[in-house]
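Visitor: If it helps, the file is called run27.cif and holds mmCIF, C-alpha atoms and all ligand atoms:
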data_work
loop_
_atom_site.label_atom_id
_atom_site.label_comp_id
_atom_site.auth_asym_id
_atom_site.auth_seq_id
_atom_site.Cartn_x
_atom_site.Cartn_y
_atom_site.Cartn_z
CA MET A 30 94.21 5.00 20.96
CA SER A 31 95.55 2.23 23.03
CA ALA A 32 94.81 -0.48 20.63
CA THR A 33 92.83 -1.65 17.76
CA MET A 34 89.31 -1.81 19.01
CA TYR A 35 88.36 -5.32 18.23
CA ASN A 36 88.89 -8.90 19.12
CA LEU A 37 91.52 -10.23 16.81
CA VAL A 38 91.02 -13.87 17.68
CA PRO A 39 88.03 -15.76 19.04
CA PRO A 40 87.83 -15.37 22.81
CA LEU A 41 89.83 -18.09 24.47
CA VAL A 42 89.07 -19.41 27.89
CA PRO A 43 91.83 -18.17 30.16
CA VAL A 44 93.72 -20.83 32.00
CA GLU A 45 94.90 -20.62 35.59
CA ARG A 46 98.61 -20.84 35.23
CA LEU A 47 100.38 -19.95 32.05
CA GLU A 48 103.98 -20.50 31.27
CA PRO A 49 106.07 -17.34 31.12
CA MET A 50 107.20 -16.15 27.72
CA GLN A 51 110.93 -16.73 27.27
CA MET A 52 111.62 -13.05 26.89
CA PRO A 53 114.79 -11.69 25.30
CA VAL A 54 116.24 -8.99 27.56
CA ILE A 55 118.10 -6.33 25.60
CA ASP A 56 120.76 -4.15 27.19
CA PHE A 57 119.79 -0.84 25.62
CA SER A 58 122.99 0.93 26.72
CA LYS A 59 124.96 -1.29 24.32
CA LEU A 60 123.28 0.42 21.37
CA HIS A 61 125.47 3.42 22.12
CA GLN A 62 128.78 1.84 23.09
CA THR A 63 130.97 0.41 20.32
CA SER A 64 129.83 -0.20 16.77
CA LYS A 65 130.39 -3.91 17.44
CA SER A 66 128.09 -3.91 20.48
CA ARG A 67 125.53 -1.89 18.51
CA SER A 68 125.54 -4.45 15.69
CA LEU A 69 125.04 -7.28 18.17
CA VAL A 70 122.14 -5.53 19.91
CA ILE A 71 120.50 -4.68 16.57
CA ARG A 72 120.71 -8.34 15.67
CA GLU A 73 119.16 -9.34 19.01
CA ILE A 74 116.30 -6.87 18.55
CA ALA A 75 115.65 -8.05 14.98
CA THR A 76 115.63 -11.71 16.06
CA ALA A 77 113.20 -10.98 18.89
CA CYS A 78 110.88 -8.99 16.58
CA ARG A 79 110.96 -11.72 13.95
CA ASP A 80 110.62 -14.79 16.17
CA ILE A 81 108.35 -13.68 19.00
CA GLY A 82 107.27 -10.10 18.37
CA CYS A 83 108.42 -8.76 21.73
CA PHE A 84 111.34 -8.21 24.08
CA GLN A 85 112.26 -6.22 27.15
CA VAL A 86 114.82 -3.46 27.48
CA ILE A 87 116.97 -2.71 30.51
CA ASN A 88 119.58 0.03 31.07
CA HIS A 89 117.41 2.32 28.97
CA GLY A 90 118.35 5.39 30.98
CA ILE A 91 114.85 6.27 32.22
CA ARG A 92 115.21 7.08 35.90
CA LYS A 93 113.33 4.91 38.39
CA SER A 94 111.77 8.05 39.87
CA VAL A 95 110.34 8.98 36.44
CA MET A 96 108.88 5.49 35.94
CA LYS A 97 107.43 5.48 39.44
CA GLY A 98 106.10 8.99 38.91
CA ALA A 99 104.21 7.95 35.76
CA LEU A 100 102.58 4.97 37.51
CA GLN A 101 101.71 7.13 40.51
CA ALA A 102 100.19 9.85 38.32
CA ALA A 103 98.17 7.15 36.52
CA SER A 104 96.86 5.61 39.77
CA GLU A 105 95.97 9.01 41.21
CA PHE A 106 94.11 10.01 38.07
CA PHE A 107 91.93 6.90 38.25
CA GLU A 108 91.36 7.49 41.99
CA SER A 109 90.35 11.12 41.40
CA SER A 110 86.71 12.19 41.63
CA PRO A 111 84.24 10.93 39.00
CA LYS A 112 83.55 14.58 38.17
CA SER A 113 87.15 15.35 37.26
CA LYS A 114 87.37 12.22 35.08
CA ALA A 115 83.99 12.81 33.45
CA LYS A 116 85.34 15.91 31.69
CA PHE A 117 87.28 13.61 29.40
CA ILE A 118 84.50 11.19 28.50
CA SER A 119 83.55 11.43 24.84
CA PRO A 120 82.07 9.12 22.22
CA ASP A 121 84.44 10.73 19.71
CA ILE A 122 87.42 8.39 19.36
CA THR A 123 89.37 11.01 17.42
CA LYS A 124 89.64 13.29 20.49
CA PRO A 125 93.28 13.87 21.52
CA VAL A 126 92.38 13.23 25.18
CA ARG A 127 89.69 10.73 26.08
CA TYR A 128 88.60 8.82 29.16
CA ASP A 129 86.60 5.66 28.71
CA CYS A 130 85.28 3.53 31.55
CA SER A 131 82.52 1.81 29.57
CA ASN A 132 83.07 -1.88 29.10
CA ASP A 133 82.87 -2.88 25.47
CA GLY A 134 84.13 -5.81 23.42
CA LEU A 135 87.75 -4.83 23.96
CA SER A 136 87.73 -3.36 27.46
CA LYS A 137 86.12 -6.13 29.47
CA SER A 138 87.15 -4.62 32.75
CA ARG A 139 89.43 -1.70 32.08
CA SER A 140 89.30 2.06 32.33
CA LEU A 141 91.34 3.93 29.75
CA LEU A 142 92.73 7.42 29.62
CA LYS A 143 94.19 7.96 26.17
CA HIS A 144 96.07 11.02 25.13
CA TYR A 145 98.38 12.28 22.45
CA ALA A 146 101.86 13.01 23.75
CA HIS A 147 103.97 14.36 20.91
CA PRO A 148 104.74 17.16 20.36
CA LEU A 149 104.26 17.53 24.11
CA ASP A 150 103.82 21.34 24.06
CA GLU A 151 100.90 20.93 21.72
CA TRP A 152 98.97 18.43 23.82
CA ILE A 153 99.96 18.69 27.48
CA HIS A 154 97.56 21.60 28.07
CA PHE A 155 94.67 19.24 27.36
CA TRP A 156 95.83 16.58 29.82
CA PRO A 157 94.20 16.08 33.24
CA GLN A 158 95.08 18.48 36.05
CA GLU A 159 93.85 16.10 38.69
CA PRO A 160 96.10 15.00 40.37
CA PRO A 161 97.95 18.34 40.13
CA SER A 162 101.26 16.58 39.37
CA TYR A 163 99.79 14.55 36.47
CA ARG A 164 101.12 16.71 33.65
CA GLU A 165 104.60 17.05 35.08
CA LYS A 166 105.05 13.38 35.95
CA MET A 167 103.45 11.89 32.86
CA GLY A 168 105.08 14.55 30.67
CA LYS A 169 108.57 13.60 31.89
CA TYR A 170 107.86 9.93 31.24
CA ALA A 171 106.41 10.66 27.77
CA VAL A 172 109.57 12.47 26.68
CA GLU A 173 111.91 9.79 28.01
CA ILE A 174 110.00 6.80 26.70
CA ARG A 175 109.83 8.44 23.28
CA ARG A 176 113.63 8.75 23.18
CA VAL A 177 113.91 5.02 23.93
CA ALA A 178 111.23 4.15 21.35
CA LEU A 179 112.90 6.17 18.59
CA ASP A 180 116.28 4.55 19.27
CA ILE A 181 114.69 1.09 19.17
CA LEU A 182 112.94 1.96 15.91
CA ASP A 183 116.23 3.20 14.45
CA ALA A 184 117.75 -0.16 15.33
CA ILE A 185 114.81 -2.06 13.83
CA PHE A 186 114.90 -0.08 10.58
CA GLN A 187 118.66 -0.46 10.37
CA SER A 188 118.26 -4.23 10.73
CA LEU A 189 115.87 -4.17 7.75
CA GLY A 190 118.32 -2.10 5.68
CA LEU A 191 115.85 0.76 5.23
CA HIS A 192 116.52 4.43 4.41
CA GLN A 193 117.05 5.85 7.87
CA ALA A 194 116.78 9.56 7.05
CA TYR A 195 113.29 9.43 5.54
CA ILE A 196 111.93 7.27 8.33
CA ARG A 197 113.66 9.21 11.11
CA GLU A 198 112.19 12.44 9.76
CA LYS A 199 108.67 10.98 9.69
CA LEU A 200 109.12 9.60 13.19
CA GLU A 201 110.42 12.93 14.49
CA GLN A 202 107.11 14.46 13.38
CA GLY A 203 105.22 11.29 14.21
CA MET A 204 102.45 10.41 16.62
CA GLN A 205 102.93 9.25 20.16
CA PHE A 206 99.94 8.19 22.22
CA LEU A 207 99.85 7.19 25.80
CA ALA A 208 97.22 4.64 26.75
CA VAL A 209 96.95 4.85 30.51
CA ASN A 210 95.08 1.76 31.68
CA SER A 211 93.49 0.83 34.99
CA TYR A 212 92.20 -2.62 35.96
CA PRO A 213 90.41 -3.50 39.18
CA GLN A 214 91.56 -6.30 41.42
CA SER A 215 89.99 -9.57 40.40
CA THR A 216 86.99 -10.51 42.53
CA LYS A 217 86.38 -13.97 41.11
CA PRO A 218 88.41 -17.12 41.50
CA GLY A 219 90.37 -18.03 38.40
CA VAL A 220 91.54 -15.68 35.72
CA THR A 221 89.54 -12.71 34.45
CA VAL A 222 90.42 -10.95 31.23
CA GLY A 223 90.44 -7.16 31.69
CA LEU A 224 91.50 -6.23 28.16
CA ALA A 225 90.56 -8.62 25.36
CA PRO A 226 93.02 -9.97 22.78
CA HIS A 227 94.08 -7.36 20.25
CA SER A 228 97.10 -5.93 18.49
CA ASP A 229 98.21 -2.30 18.60
CA TYR A 230 98.03 -0.07 15.56
CA GLY A 231 101.49 1.65 15.60
CA PHE A 232 105.03 0.49 14.84
CA ILE A 233 105.90 -0.45 18.41
CA THR A 234 104.29 -0.22 21.84
CA LEU A 235 106.31 0.19 25.03
CA ILE A 236 104.59 -0.89 28.24
CA LEU A 237 105.26 0.06 31.84
CA PRO A 238 103.00 -1.88 34.26
CA SER A 239 102.56 -1.62 38.03
CA CYS A 240 102.39 -5.43 38.41
CA PRO A 241 102.00 -8.58 36.25
CA GLY A 242 98.92 -9.03 34.06
CA LEU A 243 100.10 -8.73 30.45
CA GLU A 244 99.82 -11.91 28.37
CA VAL A 245 101.03 -12.46 24.83
CA MET A 246 100.11 -15.00 22.19
CA GLU A 247 103.10 -16.97 21.02
CA HIS A 248 103.34 -16.81 17.21
CA HIS A 249 104.15 -20.41 16.42
CA THR A 250 101.99 -22.23 19.00
CA LYS A 251 99.15 -19.66 19.24
CA SER A 252 99.19 -20.30 22.97
CA TRP A 253 99.04 -17.62 25.66
CA LYS A 254 102.13 -16.88 27.72
CA THR A 255 102.40 -14.62 30.70
CA VAL A 256 104.88 -11.73 30.70
CA LEU A 257 107.22 -11.45 33.67
CA GLN A 258 108.74 -8.02 33.79
CA PRO A 259 111.35 -6.76 36.28
CA SER A 260 110.34 -3.35 37.66
CA ASP A 261 113.16 -1.53 35.87
CA ALA A 262 112.48 -3.14 32.46
CA ILE A 263 110.26 -1.84 29.66
CA HIS A 264 108.25 -4.32 27.59
CA VAL A 265 108.31 -3.66 23.82
CA HIS A 266 106.13 -5.28 21.16
CA VAL A 267 105.54 -5.12 17.43
CA GLY A 268 102.41 -3.35 16.16
CA ASP A 269 100.35 -3.53 12.96
CA HIS A 270 102.23 -0.84 11.05
CA LEU A 271 105.61 -2.50 11.61
CA GLU A 272 104.17 -5.65 10.09
CA VAL A 273 103.13 -3.55 7.07
CA LEU A 274 106.40 -1.63 6.75
CA SER A 275 108.50 -4.80 7.07
CA ASN A 276 106.21 -6.51 4.52
CA GLY A 277 105.47 -9.29 7.00
CA ILE A 278 109.05 -9.96 8.18
CA PHE A 279 107.90 -8.86 11.63
CA ARG A 280 104.39 -9.75 12.73
CA THR A 281 102.12 -7.76 15.01
CA LEU A 282 101.80 -9.26 18.49
CA VAL A 283 98.40 -10.29 19.83
CA HIS A 284 98.19 -9.58 23.55
CA ARG A 285 95.69 -9.10 26.37
CA ALA A 286 95.66 -8.13 30.04
CA VAL A 287 94.23 -10.12 32.95
CA LEU A 288 93.21 -8.87 36.37
CA HIS A 289 95.57 -9.27 39.33
CA SER A 290 94.25 -11.36 42.21
CA GLU A 291 95.56 -9.09 44.98
CA LYS A 292 95.62 -5.53 43.73
CA ASN A 293 94.43 -2.99 41.23
CA ARG A 294 96.74 -2.68 38.28
CA VAL A 295 97.75 0.29 36.14
CA SER A 296 99.85 0.31 33.00
CA VAL A 297 101.14 3.00 30.67
CA ALA A 298 101.44 1.97 27.02
CA SER A 299 103.29 4.32 24.67
CA ILE A 300 102.45 3.82 21.01
CA HIS A 301 104.59 5.25 18.20
CA GLY A 302 103.82 5.84 14.55
CA PHE A 303 104.09 8.24 11.61
CA PRO A 304 102.15 11.55 11.49
CA MET A 305 98.34 11.37 11.32
CA ASP A 306 98.05 11.55 7.50
CA GLU A 307 101.29 9.85 6.51
CA LYS A 308 100.72 6.55 4.73
CA VAL A 309 102.69 3.54 5.93
CA LYS A 310 103.47 1.10 3.17
CA SER A 311 105.61 -1.99 2.73
CA ALA A 312 109.16 -0.66 2.25
CA GLY A 313 110.26 -0.68 -1.40
CA GLU A 314 113.57 -2.32 -0.41
CA LEU A 315 111.65 -5.34 0.90
CA VAL A 316 109.37 -5.84 -2.07
CA ASP A 317 110.42 -7.67 -5.24
CA GLU A 318 109.17 -10.43 -7.51
CA GLU A 319 109.95 -13.05 -4.92
CA HIS A 320 108.49 -10.99 -2.09
CA PRO A 321 105.32 -9.34 -3.38
CA LYS A 322 103.70 -6.53 -1.45
CA LEU A 323 101.47 -8.12 1.18
CA TYR A 324 99.65 -5.07 2.61
CA ARG A 325 97.73 -2.04 1.47
CA GLU A 326 99.12 1.29 2.57
CA SER A 327 97.33 3.21 5.32
CA SER A 328 97.73 6.10 7.74
CA PHE A 329 96.67 6.63 11.35
CA LYS A 330 93.73 8.60 9.99
CA ASP A 331 92.72 5.54 7.93
CA PHE A 332 92.94 3.46 11.10
CA LEU A 333 90.51 5.78 12.89
CA ASP A 334 88.17 5.64 9.86
CA PHE A 335 88.42 1.84 9.97
CA LEU A 336 87.37 1.84 13.64
CA LEU A 337 84.46 4.14 12.90
CA SER A 338 83.24 2.15 9.91
CA ARG A 339 83.78 -1.27 11.43
CA ARG A 340 80.55 -1.78 13.26
CA ASN A 341 79.39 -5.33 12.81
CA ASN A 342 82.32 -7.40 11.88
CA ASN A 343 85.22 -8.70 13.83
CA GLU A 344 87.86 -8.15 11.19
CA SER A 345 91.06 -6.75 12.64
CA TYR A 346 92.86 -3.77 11.19
CA ILE A 347 95.86 -5.80 10.03
CA GLU A 348 93.53 -8.32 8.37
CA SER A 349 91.82 -5.46 6.57
CA LEU A 350 95.21 -4.39 5.16
CA ARG A 351 96.38 -7.79 3.94
CA ILE A 352 96.39 -8.24 0.17
CA SER A 353 95.14 -11.64 -0.87
CA THR A 354 97.91 -13.56 -2.63
CA ILE A 355 95.75 -16.42 -3.92
O1 LIG B 401 97.81 -3.30 30.42
C1 LIG B 401 98.60 -3.87 29.67
O2 LIG B 401 99.60 -4.46 30.07
C2 LIG B 401 98.34 -3.87 28.17
C3 LIG B 401 97.78 -2.58 27.65
C4 LIG B 401 97.52 -2.61 26.18
O3 LIG B 401 97.60 -3.63 25.55
C5 LIG B 401 97.14 -1.39 25.46
O4 LIG B 401 96.98 -0.33 26.08
O5 LIG B 401 97.01 -1.46 24.22
FE FE B 402 97.64 -3.22 23.41
#
Take the structure in this file and express it as structure tokens.

Guide:
Amino acid sequence: MSATMYNLVPPLVPVERLEPMQMPVIDFSKLHQTSKSRSLVIREIATACRDIGCFQVINHGIRKSVMKGALQAASEFFESSPKSKAKFISPDITKPVRYDCSNDGLSKSRSLLKHYAHPLDEWIHFWPQEPPSYREKMGKYAVEIRRVALDILDAIFQSLGLHQAYIREKLEQGMQFLAVNSYPQSTKPGVTVGLAPHSDYGFITLILPSCPGLEVMEHHTKSWKTVLQPSDAIHVHVGDHLEVLSNGIFRTLVHRAVLHSEKNRVSVASIHGFPMDEKVKSAGELVDEEHPKLYRESSFKDFLDFLLSRRNNNESYIESLRISTI
């Protein structure tokens, strides 16, 4: 599941030139140097999650060849024959591997290959075999990006003062999805939205794109900003379940993707959460009389049920979880 399947905000007319988001760049290697550098980095990550809902990481240790390999495998999959892709088409959104090239409310102009990625041994046998290197290249990336994601989540949970052991255990057994996205080159003048505004269901999403196209909605101004991402950086943003777990300290990030004017674009989004049936609730440590619980608990399974039941209304998943305080 790449994303919550709905429009979270009314469609906004895209503008030609957006300002870039002032993006905090986090030196990931400093998480593992001295305890002082770790504390500083944890503070930087927490500030970024709280104020803007996203940041980028560099020096994360994922080799360039592995990142390039994942993007190449993605491009080659989308360029493979319609017959080899058709095997993965299914109306059943609960399938662990699914290809979707129909354009709906969310995917305006996007093809999506979504697959589960953890535990890798359990799922890799279901992944595409066309191109023949797909499993090896995407598999290597899945393992490495998960290591980075879990370390970032450790840092986030530490910044919130939460019980690490319980959460780490749930994350070790937790879900990882890869949403492998493909967007055609734009054919029209101006800006064309390929993937409509939405937020992602999990705790965090890590995105590796082949070129610019990601846009994020700034929390305080509600205006769109473009994301500039150096080729060795990974973009990270807050998802719905981190908003729930942090009891609203961190807010899910609304984002979208626009088509590139000169080339096709691919991106690989890695989404991380608890196991399928594990409920995510606002952490007890963050709830008291002054800070009442703001969200209902829910699991990934509940999220899928929400998508299936939500036919005619535009309510987003996070909205459906909010407890009214008035
Ligand atoms: O293509 C992108 O940069 C964004 C992808 C995305 O938002 C998703 O897969 O949920
Ligand atoms: Fe997304």

Visitor: Using all atoms listed in the file, determine which residues fall within 10 Å of ligand LIG 401 (chain B), then list them as a ChimeraX atom specification.

Guide: /A:30-34,135-136,139,141-143,206-212,223-230,234-245,256,264,266,268,282-288,294-300

Visitor: Please write as a compact mmCIF listing (two decimals) with C-alpha atoms, in the coordinates of the input the list of polymer residues whose atoms come within 10 Å of (106.6, 11.4, 10.9), counting only C-alpha atoms and keeping to the coordinates of the file.

Guide:
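Dumped everything to result34.txt:
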# COMPACT_ATOMS: atom_id res chain seq x y z
CA TYR A 195 113.29 9.43 5.54
CA ILE A 196 111.93 7.27 8.33
CA ARG A 197 113.66 9.21 11.11
CA GLU A 198 112.19 12.44 9.76
CA LYS A 199 108.67 10.98 9.69
CA LEU A 200 109.12 9.60 13.19
CA GLU A 201 110.42 12.93 14.49
CA GLN A 202 107.11 14.46 13.38
CA GLY A 203 105.22 11.29 14.21
CA MET A 204 102.45 10.41 16.62
CA HIS A 301 104.59 5.25 18.20
CA GLY A 302 103.82 5.84 14.55
CA PHE A 303 104.09 8.24 11.61
CA PRO A 304 102.15 11.55 11.49
CA MET A 305 98.34 11.37 11.32
CA ASP A 306 98.05 11.55 7.50
CA GLU A 307 101.29 9.85 6.51
CA LYS A 308 100.72 6.55 4.73

Visitor: Enter the distance from CA of Pro111 in chain A to CA of Asp150 in chain A, in Å, rounded to one decimal.

Guide: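 Result for CA of Pro111 in chain A versus CA of Asp150 in chain A: 26.7 Å, one decimal.
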
Visitor: What does the distance between CA of Glu348 in chain A and CA of His270 in chain A come to in Å, to one decimal place?

Guide: 11.8 Å

Visitor: I'd like to know which of A:Thr281, A:Gln62, A:Asn293, A:Ser260 is closest to ligand FE 402 (chain B), using all atoms listed in the file.

Guide: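 Smallest distance to ligand FE 402 (chain B) is found for A:Thr281.
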
Visitor: Provide the CA of Ser311 in chain A to CA of Gly82 in chain A distance in Å, to one decimal place.

Guide: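 Those two atoms sit 17.7 Å apart.
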
Visitor: Could you tell me, as a PyMOL selection string, which residues have any atom at most 10 Å from (112.8, 3.1, 18.1), counting only C-alpha atoms?

Guide: chain A and resi 174-186+197+200+232-235+265+301

Visitor: Restrict the selected residues to C-alpha atoms and save them as a compact mmCIF listing (two decimals), keeping the file's coordinate frame.

Guide:
# COMPACT_ATOMS: atom_id res chain seq x y z
CA ILE A 174 110.00 6.80 26.70
CA ARG A 175 109.83 8.44 23.28
CA ARG A 176 113.63 8.75 23.18
CA VAL A 177 113.91 5.02 23.93
CA ALA A 178 111.23 4.15 21.35
CA LEU A 179 112.90 6.17 18.59
CA ASP A 180 116.28 4.55 19.27
CA ILE A 181 114.69 1.09 19.17
CA LEU A 182 112.94 1.96 15.91
CA ASP A 183 116.23 3.20 14.45
CA ALA A 184 117.75 -0.16 15.33
CA ILE A 185 114.81 -2.06 13.83
CA PHE A 186 114.90 -0.08 10.58
CA ARG A 197 113.66 9.21 11.11
CA LEU A 200 109.12 9.60 13.19
CA PHE A 232 105.03 0.49 14.84
CA ILE A 233 105.90 -0.45 18.41
CA THR A 234 104.29 -0.22 21.84
CA LEU A 235 106.31 0.19 25.03
CA VAL A 265 108.31 -3.66 23.82
CA HIS A 301 104.59 5.25 18.20

Visitor: Let me make sure I understand: among A:Ile352, A:Leu337, A:Val267, A:Leu100, which one has the smallest atom-to-atom distance to ligand FE 402 (chain B) if we use all atoms listed in the file?

Guide: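 Going through A:Ile352, A:Leu337, A:Val267, A:Leu100 one by one, the smallest distance to ligand FE 402 (chain B) is for A:Val267.
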
Visitor: Using all atoms listed in the file, which of the listed residues (A:Ser68, A:Glu314, A:Arg164, A:Gly231) sits closest to ligand FE 402 (chain B)?

Guide: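 Using all atoms listed in the file, ligand FE 402 (chain B) sits closest to A:Gly231.
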
Visitor: For range 203-224 of chain A, where the input has fewer atoms than it should, I would like N, CA, C and O atoms rebuilt and written as a PDB file, in the coordinates of the input.

Guide:
ATOM      1  N   GLY A 203     106.271  12.309  14.108  1.00  0.00           N
ATOM      2  CA  GLY A 203     105.220  11.290  14.210  1.00  0.00           C
ATOM      3  C   GLY A 203     104.360  11.360  15.465  1.00  0.00           C
ATOM      4  O   GLY A 203     104.566  12.187  16.345  1.00  0.00           O
ATOM      5  N   MET A 204     103.405  10.449  15.519  1.00  0.00           N
ATOM      6  CA  MET A 204     102.450  10.410  16.620  1.00  0.00           C
ATOM      7  C   MET A 204     103.014   9.606  17.785  1.00  0.00           C
ATOM      8  O   MET A 204     103.668   8.601  17.580  1.00  0.00           O
ATOM      9  N   GLN A 205     102.711  10.066  18.957  1.00  0.00           N
ATOM     10  CA  GLN A 205     102.930   9.250  20.160  1.00  0.00           C
ATOM     11  C   GLN A 205     101.646   9.356  20.982  1.00  0.00           C
ATOM     12  O   GLN A 205     101.159  10.443  21.243  1.00  0.00           O
ATOM     13  N   PHE A 206     101.112   8.199  21.330  1.00  0.00           N
ATOM     14  CA  PHE A 206      99.940   8.190  22.220  1.00  0.00           C
ATOM     15  C   PHE A 206     100.334   7.537  23.502  1.00  0.00           C
ATOM     16  O   PHE A 206     101.084   6.561  23.455  1.00  0.00           O
ATOM     17  N   LEU A 207      99.745   7.979  24.582  1.00  0.00           N
ATOM     18  CA  LEU A 207      99.850   7.190  25.800  1.00  0.00           C
ATOM     19  C   LEU A 207      98.483   6.602  26.077  1.00  0.00           C
ATOM     20  O   LEU A 207      97.469   7.320  26.066  1.00  0.00           O
ATOM     21  N   ALA A 208      98.444   5.291  26.272  1.00  0.00           N
ATOM     22  CA  ALA A 208      97.220   4.640  26.750  1.00  0.00           C
ATOM     23  C   ALA A 208      97.479   4.318  28.214  1.00  0.00           C
ATOM     24  O   ALA A 208      98.348   3.515  28.538  1.00  0.00           O
ATOM     25  N   VAL A 209      96.756   5.012  29.066  1.00  0.00           N
ATOM     26  CA  VAL A 209      96.950   4.850  30.510  1.00  0.00           C
ATOM     27  C   VAL A 209      95.785   3.980  30.983  1.00  0.00           C
ATOM     28  O   VAL A 209      94.621   4.391  30.877  1.00  0.00           O
ATOM     29  N   ASN A 210      96.120   2.769  31.423  1.00  0.00           N
ATOM     30  CA  ASN A 210      95.080   1.760  31.680  1.00  0.00           C
ATOM     31  C   ASN A 210      94.939   1.481  33.173  1.00  0.00           C
ATOM     32  O   ASN A 210      95.932   1.468  33.907  1.00  0.00           O
ATOM     33  N   SER A 211      93.717   1.213  33.593  1.00  0.00           N
ATOM     34  CA  SER A 211      93.490   0.830  34.990  1.00  0.00           C
ATOM     35  C   SER A 211      92.580  -0.388  35.032  1.00  0.00           C
ATOM     36  O   SER A 211      91.552  -0.444  34.340  1.00  0.00           O
ATOM     37  N   TYR A 212      92.971  -1.371  35.834  1.00  0.00           N
ATOM     38  CA  TYR A 212      92.200  -2.620  35.960  1.00  0.00           C
ATOM     39  C   TYR A 212      91.913  -2.835  37.441  1.00  0.00           C
ATOM     40  O   TYR A 212      92.823  -2.699  38.273  1.00  0.00           O
ATOM     41  N   PRO A 213      90.687  -3.230  37.771  1.00  0.00           N
ATOM     42  CA  PRO A 213      90.410  -3.500  39.180  1.00  0.00           C
ATOM     43  C   PRO A 213      91.031  -4.823  39.603  1.00  0.00           C
ATOM     44  O   PRO A 213      91.379  -5.651  38.754  1.00  0.00           O
ATOM     45  N   GLN A 214      91.128  -5.001  40.902  1.00  0.00           N
ATOM     46  CA  GLN A 214      91.560  -6.300  41.420  1.00  0.00           C
ATOM     47  C   GLN A 214      90.499  -7.333  41.035  1.00  0.00           C
ATOM     48  O   GLN A 214      89.305  -7.021  41.015  1.00  0.00           O
ATOM     49  N   SER A 215      90.949  -8.540  40.760  1.00  0.00           N
ATOM     50  CA  SER A 215      89.990  -9.570  40.400  1.00  0.00           C
ATOM     51  C   SER A 215      89.148  -9.962  41.619  1.00  0.00           C
ATOM     52  O   SER A 215      89.671 -10.068  42.721  1.00  0.00           O
ATOM     53  N   THR A 216      87.849 -10.147  41.396  1.00  0.00           N
ATOM     54  CA  THR A 216      86.990 -10.510  42.530  1.00  0.00           C
ATOM     55  C   THR A 216      86.572 -11.974  42.452  1.00  0.00           C
ATOM     56  O   THR A 216      85.996 -12.502  43.388  1.00  0.00           O
ATOM     57  N   LYS A 217      86.828 -12.578  41.286  1.00  0.00           N
ATOM     58  CA  LYS A 217      86.380 -13.970  41.110  1.00  0.00           C
ATOM     59  C   LYS A 217      87.561 -14.920  41.190  1.00  0.00           C
ATOM     60  O   LYS A 217      88.676 -14.535  40.847  1.00  0.00           O
ATOM     61  N   PRO A 218      87.306 -16.161  41.569  1.00  0.00           N
ATOM     62  CA  PRO A 218      88.410 -17.120  41.500  1.00  0.00           C
ATOM     63  C   PRO A 218      88.757 -17.360  40.028  1.00  0.00           C
ATOM     64  O   PRO A 218      87.924 -17.140  39.147  1.00  0.00           O
ATOM     65  N   GLY A 219      89.965 -17.796  39.784  1.00  0.00           N
ATOM     66  CA  GLY A 219      90.370 -18.030  38.400  1.00  0.00           C
ATOM     67  C   GLY A 219      90.861 -16.744  37.766  1.00  0.00           C
ATOM     68  O   GLY A 219      91.100 -15.755  38.443  1.00  0.00           O
ATOM     69  N   VAL A 220      90.945 -16.796  36.444  1.00  0.00           N
ATOM     70  CA  VAL A 220      91.540 -15.680  35.720  1.00  0.00           C
ATOM     71  C   VAL A 220      90.467 -14.877  35.007  1.00  0.00           C
ATOM     72  O   VAL A 220      89.586 -15.452  34.368  1.00  0.00           O
ATOM     73  N   THR A 221      90.512 -13.560  35.144  1.00  0.00           N
ATOM     74  CA  THR A 221      89.540 -12.710  34.450  1.00  0.00           C
ATOM     75  C   THR A 221      90.269 -11.796  33.477  1.00  0.00           C
ATOM     76  O   THR A 221      91.221 -11.108  33.851  1.00  0.00           O
ATOM     77  N   VAL A 222      89.802 -11.813  32.239  1.00  0.00           N
ATOM     78  CA  VAL A 222      90.420 -10.950  31.230  1.00  0.00           C
ATOM     79  C   VAL A 222      89.897  -9.520  31.425  1.00  0.00           C
ATOM     80  O   VAL A 222      88.691  -9.279  31.488  1.00  0.00           O
ATOM     81  N   GLY A 223      90.822  -8.567  31.554  1.00  0.00           N
ATOM     82  CA  GLY A 223      90.440  -7.160  31.690  1.00  0.00           C
ATOM     83  C   GLY A 223      90.426  -6.471  30.331  1.00  0.00           C
ATOM     84  O   GLY A 223      89.572  -5.630  30.049  1.00  0.00           O
ATOM     85  N   LEU A 224      91.383  -6.809  29.496  1.00  0.00           N
ATOM     86  CA  LEU A 224      91.500  -6.230  28.160  1.00  0.00           C
ATOM     87  C   LEU A 224      91.615  -7.392  27.172  1.00  0.00           C
ATOM     88  O   LEU A 224      92.523  -8.217  27.274  1.00  0.00           O
TER      89      LEU A 224
END
